[in-house]
>>> print(open('protein_37.cif').read())   # mmCIF, C-alpha atoms
data_start
loop_
_atom_site.group_PDB
_atom_site.id
_atom_site.type_symbol
_atom_site.label_atom_id
_atom_site.label_comp_id
_atom_site.auth_asym_id
_atom_site.auth_seq_id
_atom_site.Cartn_x
_atom_site.Cartn_y
_atom_site.Cartn_z
ATOM 1 C CA MET A 1 102.625 104.248 106.271
ATOM 2 C CA MET A 2 101.524 107.597 107.717
ATOM 3 C CA LYS A 3 101.477 108.788 111.322
ATOM 4 C CA LYS A 4 98.669 108.457 113.867
ATOM 5 C CA GLU A 5 95.170 108.113 112.528
ATOM 6 C CA ILE A 6 96.031 108.613 108.857
ATOM 7 C CA SER A 7 97.626 105.184 108.673
ATOM 8 C CA LEU A 8 94.309 103.684 109.767
ATOM 9 C CA LEU A 9 92.478 105.241 106.822
ATOM 10 C CA PHE A 10 94.348 103.428 104.109
ATOM 11 C CA PHE A 11 93.040 100.051 103.102
ATOM 12 C CA LEU A 12 94.719 97.846 100.547
ATOM 13 C CA LEU A 13 93.289 95.823 97.657
ATOM 14 C CA CYS A 14 93.242 92.123 96.827
ATOM 15 C CA ALA A 15 90.734 89.826 95.111
ATOM 16 C CA PHE A 16 91.068 86.116 95.717
ATOM 17 C CA VAL A 17 89.166 83.095 97.056
ATOM 18 C CA TYR A 18 90.598 81.551 100.190
ATOM 19 C CA CYS A 19 90.786 77.767 100.424
ATOM 20 C CA GLN A 20 91.921 76.617 103.847
ATOM 21 C CA GLU A 21 93.474 73.335 102.725
ATOM 22 C CA ASN A 22 94.765 74.116 99.239
ATOM 23 C CA ASP A 23 95.794 77.770 99.338
ATOM 24 C CA ASP A 24 98.775 79.139 101.254
ATOM 25 C CA SER A 25 97.188 82.439 102.295
ATOM 26 C CA THR A 26 97.613 81.494 105.962
ATOM 27 C CA LYS A 27 101.330 82.090 105.407
ATOM 28 C CA ARG A 28 100.457 85.666 104.487
ATOM 29 C CA LEU A 29 97.942 86.193 107.288
ATOM 30 C CA LYS A 30 98.865 88.425 110.221
ATOM 31 C CA ALA A 31 96.720 89.374 113.213
ATOM 32 C CA LEU A 32 96.896 91.689 116.198
ATOM 33 C CA ASN A 33 94.667 91.273 119.235
ATOM 34 C CA THR A 34 93.930 94.295 121.434
ATOM 35 C CA GLN A 35 91.667 94.285 124.463
ATOM 36 C CA SER A 36 88.633 95.211 122.387
ATOM 37 C CA VAL A 37 89.346 94.560 118.690
ATOM 38 C CA THR A 38 91.249 91.942 116.695
ATOM 39 C CA TYR A 39 92.813 93.186 113.444
ATOM 40 C CA TYR A 40 93.760 90.996 110.474
ATOM 41 C CA ASN A 41 95.509 91.387 107.131
ATOM 42 C CA THR A 42 96.138 88.898 104.357
ATOM 43 C CA ASP A 43 96.833 89.577 100.687
ATOM 44 C CA GLY A 44 96.382 93.269 101.402
ATOM 45 C CA VAL A 45 92.834 93.050 102.765
ATOM 46 C CA ASP A 46 92.288 94.650 106.186
ATOM 47 C CA PHE A 47 89.538 93.210 108.376
ATOM 48 C CA SER A 48 88.654 93.134 112.061
ATOM 49 C CA SER A 49 86.354 91.531 114.609
ATOM 50 C CA GLN A 50 84.923 92.580 117.957
ATOM 51 C CA THR A 51 82.166 91.237 120.185
ATOM 52 C CA TYR A 52 79.466 92.997 122.206
ATOM 53 C CA SER A 53 77.462 91.440 125.031
ATOM 54 C CA TYR A 54 74.068 92.146 123.481
ATOM 55 C CA ASP A 55 71.220 89.934 122.407
ATOM 56 C CA PHE A 56 70.484 89.912 118.665
ATOM 57 C CA SER A 57 67.474 92.196 118.818
ATOM 58 C CA GLU A 58 66.474 95.315 116.886
ATOM 59 C CA LYS A 59 67.035 97.464 119.956
ATOM 60 C CA SER A 60 70.544 96.090 120.531
ATOM 61 C CA LEU A 61 71.473 96.321 116.860
ATOM 62 C CA LYS A 62 70.469 99.979 116.735
ATOM 63 C CA LYS A 63 72.871 100.701 119.603
ATOM 64 C CA ILE A 64 75.702 98.967 117.755
ATOM 65 C CA TYR A 65 74.863 100.593 114.417
ATOM 66 C CA ARG A 66 75.514 103.998 115.962
ATOM 67 C CA LYS A 67 79.001 102.901 117.021
ATOM 68 C CA PHE A 68 79.814 102.121 113.382
ATOM 69 C CA SER A 69 78.063 105.150 111.848
ATOM 70 C CA ILE A 70 75.421 102.927 110.246
ATOM 71 C CA LYS A 71 72.429 105.104 109.365
ATOM 72 C CA ASP A 72 68.745 104.184 109.279
ATOM 73 C CA SER A 73 68.831 104.772 105.522
ATOM 74 C CA ASP A 74 71.664 102.269 104.933
ATOM 75 C CA SER A 75 70.562 99.000 103.337
ATOM 76 C CA LYS A 76 70.564 96.099 105.807
ATOM 77 C CA ILE A 77 70.132 92.550 104.514
ATOM 78 C CA LYS A 78 70.613 89.046 105.820
ATOM 79 C CA ASP A 79 73.330 86.998 104.157
ATOM 80 C CA GLU A 80 71.610 83.643 103.662
ATOM 81 C CA SER A 81 74.902 81.925 102.848
ATOM 82 C CA LEU A 82 75.994 82.198 106.490
ATOM 83 C CA SER A 83 74.701 79.690 109.035
ATOM 84 C CA ASN A 84 74.534 82.300 111.820
ATOM 85 C CA ASN A 85 71.792 84.886 111.985
ATOM 86 C CA ASN A 86 73.237 88.144 110.665
ATOM 87 C CA ILE A 87 72.779 91.580 109.173
ATOM 88 C CA HIS A 88 75.056 92.691 106.345
ATOM 89 C CA VAL A 89 75.711 96.368 105.532
ATOM 90 C CA VAL A 90 77.905 97.603 102.660
ATOM 91 C CA LYS A 91 79.017 101.234 102.410
ATOM 92 C CA THR A 92 81.028 102.559 99.477
ATOM 93 C CA GLN A 93 82.815 105.805 98.718
ATOM 94 C CA LYS A 94 84.023 106.781 95.273
ATOM 95 C CA ILE A 95 87.639 108.011 95.445
ATOM 96 C CA THR A 96 88.153 108.492 91.714
ATOM 97 C CA GLU A 97 86.391 107.385 88.556
ATOM 98 C CA ASN A 98 88.240 104.053 88.739
ATOM 99 C CA LEU A 99 88.684 103.576 92.492
ATOM 100 C CA THR A 100 86.011 102.866 95.094
ATOM 101 C CA GLN A 101 86.569 102.316 98.800
ATOM 102 C CA THR A 102 84.311 99.653 100.300
ATOM 103 C CA ASN A 103 83.437 98.942 103.934
ATOM 104 C CA SER A 104 81.597 95.664 104.440
ATOM 105 C CA TYR A 105 80.067 95.067 107.908
ATOM 106 C CA TYR A 106 78.603 91.818 109.225
ATOM 107 C CA PHE A 107 76.630 91.944 112.481
ATOM 108 C CA VAL A 108 76.503 88.290 113.470
ATOM 109 C CA GLU A 109 74.603 86.515 116.243
ATOM 110 C CA ASP A 110 77.480 84.631 117.828
ATOM 111 C CA ASN A 111 75.303 83.075 120.527
ATOM 112 C CA SER A 112 72.166 84.064 122.411
ATOM 113 C CA LYS A 113 73.996 86.764 124.390
ATOM 114 C CA THR A 114 76.644 88.183 122.051
ATOM 115 C CA ILE A 115 76.904 89.921 118.706
ATOM 116 C CA THR A 116 80.181 89.787 116.765
ATOM 117 C CA ILE A 117 80.900 92.541 114.258
ATOM 118 C CA ILE A 118 83.241 91.579 111.429
ATOM 119 C CA TRP A 119 84.403 94.376 109.141
ATOM 120 C CA PHE A 120 86.239 94.189 105.803
ATOM 121 C CA GLY A 121 87.846 97.247 104.195
ATOM 122 C CA TYR A 122 89.195 97.222 100.650
ATOM 123 C CA TYR A 123 89.179 98.966 97.301
ATOM 124 C CA ASN A 124 86.910 98.024 94.394
ATOM 125 C CA GLN A 125 85.760 94.380 94.411
ATOM 126 C CA ILE A 126 86.581 91.314 96.494
ATOM 127 C CA GLU A 127 85.489 87.718 96.039
ATOM 128 C CA LYS A 128 82.477 86.969 98.231
ATOM 129 C CA GLY A 129 84.015 83.651 99.252
ATOM 130 C CA PHE A 130 86.835 85.485 101.030
ATOM 131 C CA GLU A 131 84.457 87.232 103.426
ATOM 132 C CA LYS A 132 82.435 84.089 104.121
ATOM 133 C CA GLU A 133 85.532 81.951 104.733
ATOM 134 C CA TYR A 134 87.038 84.342 107.243
ATOM 135 C CA ILE A 135 83.755 85.032 109.014
ATOM 136 C CA ASN A 136 83.403 81.306 109.642
ATOM 137 C CA ARG A 137 87.012 80.937 110.729
ATOM 138 C CA ILE A 138 86.721 83.835 113.176
ATOM 139 C CA LEU A 139 83.445 82.574 114.675
ATOM 140 C CA LYS A 140 84.896 79.064 115.055
ATOM 141 C CA ASN A 141 88.182 80.358 116.520
ATOM 142 C CA GLU A 142 90.122 78.749 113.678
ATOM 143 C CA ILE A 143 92.669 81.529 113.144
ATOM 144 C CA PRO A 144 96.102 79.963 113.861
ATOM 145 C CA LYS A 145 97.762 81.318 116.980
ATOM 146 C CA GLU A 146 101.117 81.657 115.247
ATOM 147 C CA VAL A 147 99.855 84.468 112.983
ATOM 148 C CA PHE A 148 99.247 86.813 115.932
ATOM 149 C CA GLU A 149 101.844 89.503 116.565
ATOM 150 C CA PRO A 150 102.698 90.583 120.151
ATOM 151 C CA LEU A 151 100.876 93.770 121.065
ATOM 152 C CA ILE A 152 104.067 95.317 122.465
ATOM 153 C CA ILE A 153 106.751 95.482 119.805
ATOM 154 C CA ASP A 154 110.243 94.195 120.356
ATOM 155 C CA SER A 155 110.743 92.787 116.862
ATOM 156 C CA ILE A 156 108.584 92.362 113.762
ATOM 157 C CA ASP A 157 108.221 89.627 111.145
ATOM 158 C CA PHE A 158 108.813 91.457 107.879
ATOM 159 C CA ALA A 159 107.926 89.062 105.057
ATOM 160 C CA GLY A 160 109.836 86.210 106.669
ATOM 161 C CA ARG A 161 112.688 88.187 108.248
ATOM 162 C CA LYS A 162 112.800 89.116 111.914
ATOM 163 C CA ILE A 163 113.721 92.761 112.482
ATOM 164 C CA LYS A 164 114.504 93.879 116.019
ATOM 165 C CA LEU A 165 113.182 97.387 116.683
ATOM 166 C CA GLY A 166 113.062 97.672 120.458
ATOM 167 C CA ARG A 167 110.114 99.095 122.348
ATOM 168 C CA ASN A 168 110.131 102.680 121.129
ATOM 169 C CA CYS A 169 107.990 101.653 118.161
ATOM 170 C CA SER A 170 104.308 100.725 118.183
ATOM 171 C CA TRP A 171 101.577 99.294 115.997
ATOM 172 C CA THR A 172 99.076 101.768 114.558
ATOM 173 C CA ASN A 173 97.362 98.985 112.614
ATOM 174 C CA ILE A 174 98.175 95.422 111.643
ATOM 175 C CA ASN A 175 101.413 95.422 109.602
ATOM 176 C CA THR A 176 101.783 99.158 110.287
ATOM 177 C CA VAL A 177 104.665 100.253 112.516
ATOM 178 C CA GLN A 178 105.376 103.769 113.737
ATOM 179 C CA CYS A 179 108.610 104.808 115.413
ATOM 180 C CA PRO A 180 108.235 108.375 116.739
ATOM 181 C CA TYR A 181 110.449 110.753 114.742
ATOM 182 C CA ASN A 182 112.144 107.732 113.114
ATOM 183 C CA GLY A 183 109.629 106.901 110.385
ATOM 184 C CA GLU A 184 106.641 104.687 109.726
ATOM 185 C CA MET A 185 105.863 101.875 107.313
ATOM 186 C CA ASN A 186 103.084 99.517 106.388
ATOM 187 C CA TRP A 187 103.284 96.397 104.284
ATOM 188 C CA SER A 188 101.252 93.466 103.058
ATOM 189 C CA VAL A 189 102.215 90.092 101.630
ATOM 190 C CA HIS A 190 100.428 88.965 98.461
ATOM 191 C CA LYS A 191 100.041 85.862 96.332
ATOM 192 C CA ASN A 192 101.336 87.624 93.189
ATOM 193 C CA ILE A 193 103.174 90.782 92.161
ATOM 194 C CA GLU A 194 100.117 92.282 90.455
ATOM 195 C CA SER A 195 98.208 92.297 93.741
ATOM 196 C CA ALA A 196 101.169 93.886 95.550
ATOM 197 C CA LYS A 197 101.441 96.615 92.905
ATOM 198 C CA ASN A 198 97.690 97.292 93.046
ATOM 199 C CA ALA A 199 97.913 97.693 96.815
ATOM 200 C CA ILE A 200 100.561 100.413 96.775
ATOM 201 C CA ASP A 201 99.020 102.128 93.730
ATOM 202 C CA ASN A 202 95.633 102.359 95.442
ATOM 203 C CA GLN A 203 97.198 103.638 98.635
ATOM 204 C CA PHE A 204 98.935 106.401 96.672
ATOM 205 C CA ILE A 205 95.744 107.365 94.819
ATOM 206 C CA ALA A 206 93.714 107.455 98.034
ATOM 207 C CA THR A 207 96.260 109.699 99.748
ATOM 208 C CA LYS A 208 96.641 112.008 96.750
ATOM 209 C CA ASN A 209 92.884 112.555 96.559
ATOM 210 C CA ARG A 210 92.357 113.480 100.196
ATOM 211 C CA SER A 211 91.201 117.025 100.846
ATOM 212 C CA GLY A 212 93.920 119.367 102.062
ATOM 213 C CA ILE A 213 96.813 117.298 100.680
ATOM 214 C CA LYS A 214 98.801 118.126 97.565
ATOM 215 C CA VAL A 215 101.687 116.440 95.767
ATOM 216 C CA ASN A 216 104.859 118.536 95.766
ATOM 217 C CA SER A 217 106.880 116.072 93.704
ATOM 218 C CA GLU A 218 106.724 112.537 92.291
ATOM 219 C CA GLU A 219 109.549 110.479 90.779
ATOM 220 C CA GLN A 220 110.903 106.965 90.303
ATOM 221 C CA VAL A 221 114.131 106.299 92.219
ATOM 222 C CA ALA A 222 116.579 103.405 92.322
ATOM 223 C CA VAL A 223 116.641 101.611 95.683
ATOM 224 C CA ILE A 224 117.847 98.420 97.300
ATOM 225 C CA PHE A 225 114.862 96.868 99.050
ATOM 226 C CA GLU A 226 115.639 93.868 101.268
ATOM 227 C CA GLY A 227 118.847 93.330 99.291
ATOM 228 C CA ILE A 228 117.121 93.515 95.899
ATOM 229 C CA GLN A 229 117.830 96.259 93.361
ATOM 230 C CA THR A 230 114.516 97.736 92.282
ATOM 231 C CA THR A 231 112.691 101.041 91.852
ATOM 232 C CA ALA A 232 110.403 102.933 94.209
ATOM 233 C CA LYS A 233 107.911 105.716 93.668
ATOM 234 C CA LYS A 234 109.048 108.649 95.790
ATOM 235 C CA VAL A 235 106.380 111.222 96.568
ATOM 236 C CA ILE A 236 106.530 114.327 98.748
ATOM 237 C CA PHE A 237 103.104 115.297 100.083
ATOM 238 C CA ASP A 238 102.318 118.756 101.426
ATOM 239 C CA PHE A 239 100.008 118.696 104.457
ATOM 240 C CA THR A 240 99.938 122.418 105.192
ATOM 241 C CA GLY A 241 96.338 122.614 103.982
ATOM 242 C CA MET A 242 95.129 119.827 106.250
ATOM 243 C CA LYS A 243 93.830 120.953 109.620
ATOM 244 C CA SER A 244 93.776 117.747 111.637
ATOM 245 C CA LEU A 245 94.882 116.226 114.910
ATOM 246 C CA MET A 246 97.429 114.164 113.013
ATOM 247 C CA ALA A 247 99.124 117.191 111.442
ATOM 248 C CA GLY A 248 99.124 119.074 114.732
ATOM 249 C CA MET A 249 100.682 116.221 116.701
ATOM 250 C CA SER A 250 103.398 115.484 114.159
ATOM 251 C CA GLY A 251 104.484 119.085 113.786
ATOM 252 C CA GLY A 252 105.460 118.215 110.229
ATOM 253 C CA LYS A 253 104.355 119.982 107.067
ATOM 254 C CA THR A 254 105.613 117.614 104.360
ATOM 255 C CA LEU A 255 105.705 113.840 104.256
ATOM 256 C CA THR A 256 108.153 111.897 102.080
ATOM 257 C CA VAL A 257 106.761 108.515 101.027
ATOM 258 C CA TYR A 258 108.353 105.577 99.191
ATOM 259 C CA TYR A 259 106.117 102.968 97.504
ATOM 260 C CA VAL A 260 107.705 99.595 96.641
ATOM 261 C CA ALA A 261 106.328 96.296 95.324
ATOM 262 C CA GLU A 262 108.838 93.471 95.018
ATOM 263 C CA LYS A 263 109.369 89.728 95.411
ATOM 264 C CA VAL A 264 111.198 89.103 98.683
ATOM 265 C CA ARG A 265 112.116 85.625 99.964
ATOM 266 C CA ASN A 266 109.401 84.098 97.747
ATOM 267 C CA ASN A 267 106.897 86.619 99.117
ATOM 268 C CA TYR A 268 105.308 89.351 97.013
ATOM 269 C CA VAL A 269 105.462 92.425 99.218
ATOM 270 C CA GLY A 270 103.749 95.784 98.861
ATOM 271 C CA CYS A 271 105.408 98.280 101.211
ATOM 272 C CA VAL A 272 104.843 101.978 101.918
ATOM 273 C CA MET A 273 107.476 103.836 103.970
ATOM 274 C CA SER A 274 107.317 107.433 105.133
ATOM 275 C CA PHE A 275 108.846 110.153 107.277
ATOM 276 C CA TRP A 276 108.022 113.755 108.131
ATOM 277 C CA ASN A 277 110.253 116.729 107.356
ATOM 278 C CA ASN A 278 111.006 117.092 111.093
ATOM 279 C CA ASP A 279 111.869 113.430 111.692
ATOM 280 C CA ASN A 280 115.380 112.180 112.429
ATOM 281 C CA LEU A 281 117.329 111.347 109.262
ATOM 282 C CA THR A 282 120.482 109.333 108.617
ATOM 283 C CA LYS A 283 123.393 110.648 106.544
ATOM 284 C CA ASP A 284 121.788 109.034 103.483
ATOM 285 C CA GLY A 285 118.595 111.044 103.936
ATOM 286 C CA LEU A 286 116.234 108.325 105.183
ATOM 287 C CA ALA A 287 114.540 107.870 108.544
ATOM 288 C CA PRO A 288 116.112 105.052 110.620
ATOM 289 C CA LEU A 289 113.074 102.756 110.352
ATOM 290 C CA LEU A 290 113.161 102.885 106.566
ATOM 291 C CA GLU A 291 116.826 101.880 106.520
ATOM 292 C CA GLU A 292 115.879 98.627 108.231
ATOM 293 C CA VAL A 293 114.466 97.454 104.874
ATOM 294 C CA MET A 294 115.614 99.895 102.177
ATOM 295 C CA HIS A 295 118.629 101.919 101.031
ATOM 296 C CA LEU A 296 118.916 104.475 98.274
ATOM 297 C CA LYS A 297 121.049 103.347 95.364
ATOM 298 C CA ILE A 298 123.702 105.989 94.746
#
>>> encode(input="protein_37.cif", output="structure tokens")
Amino acid sequence: MMKKEISLLFFLLCAFVYCQENDDSTKRLKALNTQSVTYYNTDGVDFSSQTYSYDFSEKSLKKIYRKFSIKDSDSKIKDESLSNNNIHVVKTQKITENLTQTNSYYFVEDNSKTITIIWFGYYNQIEKGFEKEYINRILKNEIPKEVFEPLIIDSIDFAGRKIKLGRNCSWTNINTVQCPYNGEMNWSVHKNIESAKNAIDNQFIATKNRSGIKVNSEEQVAVIFEGIQTTAKKVIFDFTGMKSLMAGMSGGKTLTVYYVAEKVRNNYVGCVMSFWNNDNLTKDGLAPLLEEVMHLKI
């Protein structure tokens, strides 16, 4: 969705148990491997892994805790359901009365000389089995190679359709593409339409409740999304009250955002598309990136 760091702050919601042999969530799994961190998304859940060359000692863990803003007062427990030695830390932040953002960190002894940190970010609750399954798959290197996206973008796999973008666009997170002055979008593929709708609804609520941001307008509009006639929530956010690096770099003051959840090619997709008031626009009033997947219905 948004530009620069703001797109990294939005985490999507899903609650399901992953079964490697019987479930098809691998079809919805995408990953992106940088030099230091590997990012993942499936069914709207963002998670990541990275490894440090430290022994699993109290002294080493304290060094790593600081990197992840883990305080001495935060509860640290061992998850006995995992075979590897570990420390589990859960931090929550209440967004609204009905929406809580959760960050779940696992500091795992990968071997005698390394510690792997696996983080999960989501809203409200997630099935515990999901975290355990993916921790084990990551530690055993069982994530299929075909789910990894190239770090340098030439084209993207958008819910089963290849879209060629060229190399002016870049990833700001897994399944989040930014094309400077041509728009940005993020998406996730879900096992049902309810999960896809929850994902975009939670993203809207989280954005709306950020300090310094206000909603100028909100309406339902008719659109054609990946060839399907549907409706989108169109929201114009005012960022003039937000003093941040992101706002300064963009030069924009308002952000127009479209939220869509729809079934596409037998995939349930939650997609958030946006552009700034100073971005390039087509004759139909959308940024070029958005027109790769959506058109306004006149």
>>> resolve_selection(input="protein_37.cif", expression="the PyMOL selection byres ((chain A and resi 103) around 6)", output="number ranges by chain")
A: 90-91, 102, 104, 120-121
>>> closest_atom_pairs(input="protein_37.cif", of="region 88-185 of chain A", to="region 254-276 of chain A", cutoff="9 Å", atoms="all atoms listed in the file", output="Markdown table")
| residue | atom | partner | partner_atom | distance |
| --- | --- | --- | --- | --- |
| A:Ala159 | CA | A:Asn267 | CA | 6.5 |
| A:Gly160 | CA | A:Arg265 | CA | 7.1 |
| A:Arg161 | CA | A:Arg265 | CA | 8.7 |
| A:Tyr181 | CA | A:Trp276 | CA | 7.7 |
| A:Asn182 | CA | A:Phe275 | CA | 7.1 |
| A:Gly183 | CA | A:Phe275 | CA | 4.6 |
| A:Glu184 | CA | A:Ser274 | CA | 5.4 |
| A:Met185 | CA | A:Met273 | CA | 4.2 |
>>> write_last_selection(input="protein_37.cif", atoms="C-alpha atoms", output="PDB file, in the frame of the given file")
ATOM      1  CA  ALA A 159     107.926  89.062 105.057  1.00  0.00           C
ATOM      2  CA  GLY A 160     109.836  86.210 106.669  1.00  0.00           C
ATOM      3  CA  ARG A 161     112.688  88.187 108.248  1.00  0.00           C
ATOM      4  CA  TYR A 181     110.449 110.753 114.742  1.00  0.00           C
ATOM      5  CA  ASN A 182     112.144 107.732 113.114  1.00  0.00           C
ATOM      6  CA  GLY A 183     109.629 106.901 110.385  1.00  0.00           C
ATOM      7  CA  GLU A 184     106.641 104.687 109.726  1.00  0.00           C
ATOM      8  CA  MET A 185     105.863 101.875 107.313  1.00  0.00           C
TER       9      MET A 185
END
>>> residues_around(input="protein_37.cif", residues="Asp79 (chain A)", least_positions_apart="6", cutoff="7 Å", atoms="all atoms listed in the file", output="PyMOL selection string")
chain A and resi 86-88
>>> resolve_selection(input="protein_37.cif", expression="the PyMOL selection byres ((chain A and resi 53-56) around 9)", output="PyMOL selection string")
chain A and resi 51-52+57-61+85-86+107-116
>>> write_last_selection(input="protein_37.cif", atoms="C-alpha atoms", output="mmCIF file, in the frame of the given file")
data_model
loop_
_atom_site.group_PDB
_atom_site.id
_atom_site.type_symbol
_atom_site.label_atom_id
_atom_site.label_comp_id
_atom_site.auth_asym_id
_atom_site.auth_seq_id
_atom_site.Cartn_x
_atom_site.Cartn_y
_atom_site.Cartn_z
ATOM 1 C CA THR A 51 82.166 91.237 120.185
ATOM 2 C CA TYR A 52 79.466 92.997 122.206
ATOM 3 C CA SER A 57 67.474 92.196 118.818
ATOM 4 C CA GLU A 58 66.474 95.315 116.886
ATOM 5 C CA LYS A 59 67.035 97.464 119.956
ATOM 6 C CA SER A 60 70.544 96.090 120.531
ATOM 7 C CA LEU A 61 71.473 96.321 116.860
ATOM 8 C CA ASN A 85 71.792 84.886 111.985
ATOM 9 C CA ASN A 86 73.237 88.144 110.665
ATOM 10 C CA PHE A 107 76.630 91.944 112.481
ATOM 11 C CA VAL A 108 76.503 88.290 113.470
ATOM 12 C CA GLU A 109 74.603 86.515 116.243
ATOM 13 C CA ASP A 110 77.480 84.631 117.828
ATOM 14 C CA ASN A 111 75.303 83.075 120.527
ATOM 15 C CA SER A 112 72.166 84.064 122.411
ATOM 16 C CA LYS A 113 73.996 86.764 124.390
ATOM 17 C CA THR A 114 76.644 88.183 122.051
ATOM 18 C CA ILE A 115 76.904 89.921 118.706
ATOM 19 C CA THR A 116 80.181 89.787 116.765
#
>>> closest_residue(input="protein_37.cif", among="A:Leu99, A:Ile298, A:Ile143, A:Leu32", to="Asn202 (chain A)", atoms="all atoms listed in the file")
A:Leu99
>>> closest_residue(input="protein_37.cif", among="A:Pro180, A:Lys62, A:Lys71, A:Ala196", to="Asn278 (chain A)", atoms="all atoms listed in the file")
A:Pro180
>>> atom_distance(input="protein_37.cif", atom1="CA of Glu149 (chain A)", atom2="CA of Leu281 (chain A)")
27.8 Å
>>> closest_residue(input="protein_37.cif", among="A:Asn216, A:Asn136, A:Asn173, A:Thr282", to="Phe239 (chain A)", atoms="all atoms listed in the file")
A:Asn216
>>> closest_residue(input="protein_37.cif", among="A:Tyr40, A:Asp72, A:Thr176, A:Ser188", to="Trp119 (chain A)", atoms="only C-alpha atoms")
A:Tyr40
>>> closest_residue(input="protein_37.cif", among="A:Asn33, A:Asn124, A:Gln178, A:Ser211", to="Ser48 (chain A)", atoms="only C-alpha atoms")
A:Asn33
>>> closest_residue(input="protein_37.cif", among="A:Lys234, A:Lys208, A:Lys253, A:Lys63", to="Ala222 (chain A)", atoms="all atoms listed in the file")
A:Lys234
>>> atom_distance(input="protein_37.cif", atom1="CA of Arg210 (chain A)", atom2="CA of Val37 (chain A)")
26.6 Å
>>> atom_distance(input="protein_37.cif", atom1="CA of Met294 (chain A)", atom2="CA of Thr240 (chain A)")
27.6 Å
>>> resolve_selection(input="protein_37.cif", expression="the PyMOL selection byres ((chain A and resi 151) around 9)", output="PyMOL selection string")
chain A and resi 32-34+148-150+152-153+170-171
>>> residues_around(input="protein_37.cif", residues="Val221 (chain A)", least_positions_apart="2", cutoff="9 Å", atoms="all atoms listed in the file", output="list in words")
Glu219, Val223, Thr230, Thr231, Ala232, Lys233, Lys234, Leu296 and Lys297 of chain A
>>> axis_aligned_box(input="protein_37.cif", around="region 40-53 of chain A", padding_each_side="4 Å", output="lines of an AutoDock Vina configuration file")
center_x = 87.1
center_y = 91.8
center_z = 112.9
size_x = 27.4
size_y = 13.8
size_z = 32.3
>>> residues_near_point(input="protein_37.cif", point="(96.5, 91.2, 110.6)", cutoff="8 Å", atoms="all atoms listed in the file", output="number ranges by chain")
A: 29-32, 39-42, 46-47, 147-148, 174-175
>>> decode(input="protein_37.cif", residues="region 159-169 of chain A", atoms="N, CA, C and O atoms", output="PDB file, in the first residue's frame")
ATOM      1  N   ALA A 159      -1.474 -12.957  -7.865  1.00  0.00           N
ATOM      2  CA  ALA A 159      -2.569 -13.932  -7.713  1.00  0.00           C
ATOM      3  C   ALA A 159      -2.716 -14.809  -8.949  1.00  0.00           C
ATOM      4  O   ALA A 159      -3.816 -15.044  -9.452  1.00  0.00           O
ATOM      5  N   GLY A 160      -1.578 -15.289  -9.458  1.00  0.00           N
ATOM      6  CA  GLY A 160      -1.607 -16.214 -10.586  1.00  0.00           C
ATOM      7  C   GLY A 160      -1.467 -15.583 -11.949  1.00  0.00           C
ATOM      8  O   GLY A 160      -1.501 -16.291 -12.959  1.00  0.00           O
ATOM      9  N   ARG A 161      -1.293 -14.262 -12.023  1.00  0.00           N
ATOM     10  CA  ARG A 161      -1.077 -13.597 -13.307  1.00  0.00           C
ATOM     11  C   ARG A 161       0.241 -12.840 -13.266  1.00  0.00           C
ATOM     12  O   ARG A 161       0.497 -12.079 -12.335  1.00  0.00           O
ATOM     13  N   LYS A 162       1.058 -13.041 -14.286  1.00  0.00           N
ATOM     14  CA  LYS A 162       2.336 -12.351 -14.364  1.00  0.00           C
ATOM     15  C   LYS A 162       2.137 -10.962 -14.931  1.00  0.00           C
ATOM     16  O   LYS A 162       1.564 -10.789 -16.009  1.00  0.00           O
ATOM     17  N   ILE A 163       2.603  -9.950 -14.188  1.00  0.00           N
ATOM     18  CA  ILE A 163       2.502  -8.562 -14.631  1.00  0.00           C
ATOM     19  C   ILE A 163       3.912  -8.004 -14.785  1.00  0.00           C
ATOM     20  O   ILE A 163       4.686  -7.981 -13.832  1.00  0.00           O
ATOM     21  N   LYS A 164       4.244  -7.566 -15.975  1.00  0.00           N
ATOM     22  CA  LYS A 164       5.572  -7.014 -16.230  1.00  0.00           C
ATOM     23  C   LYS A 164       5.577  -5.541 -15.837  1.00  0.00           C
ATOM     24  O   LYS A 164       4.767  -4.755 -16.326  1.00  0.00           O
ATOM     25  N   LEU A 165       6.485  -5.154 -14.964  1.00  0.00           N
ATOM     26  CA  LEU A 165       6.560  -3.782 -14.477  1.00  0.00           C
ATOM     27  C   LEU A 165       7.853  -3.074 -14.872  1.00  0.00           C
ATOM     28  O   LEU A 165       7.931  -1.854 -14.808  1.00  0.00           O
ATOM     29  N   GLY A 166       8.872  -3.822 -15.250  1.00  0.00           N
ATOM     30  CA  GLY A 166      10.163  -3.201 -15.489  1.00  0.00           C
ATOM     31  C   GLY A 166      10.893  -2.978 -14.178  1.00  0.00           C
ATOM     32  O   GLY A 166      10.437  -3.405 -13.110  1.00  0.00           O
ATOM     33  N   ARG A 167      12.027  -2.315 -14.237  1.00  0.00           N
ATOM     34  CA  ARG A 167      12.879  -2.214 -13.052  1.00  0.00           C
ATOM     35  C   ARG A 167      12.831  -0.860 -12.356  1.00  0.00           C
ATOM     36  O   ARG A 167      13.699  -0.537 -11.551  1.00  0.00           O
ATOM     37  N   ASN A 168      11.817  -0.067 -12.653  1.00  0.00           N
ATOM     38  CA  ASN A 168      11.650   1.189 -11.934  1.00  0.00           C
ATOM     39  C   ASN A 168      10.900   0.991 -10.622  1.00  0.00           C
ATOM     40  O   ASN A 168      10.833   1.904  -9.805  1.00  0.00           O
ATOM     41  N   CYS A 169      10.318  -0.183 -10.444  1.00  0.00           N
ATOM     42  CA  CYS A 169       9.558  -0.481  -9.236  1.00  0.00           C
ATOM     43  C   CYS A 169      10.411  -1.328  -8.289  1.00  0.00           C
ATOM     44  O   CYS A 169      11.380  -1.965  -8.697  1.00  0.00           O
TER      45      CYS A 169
END
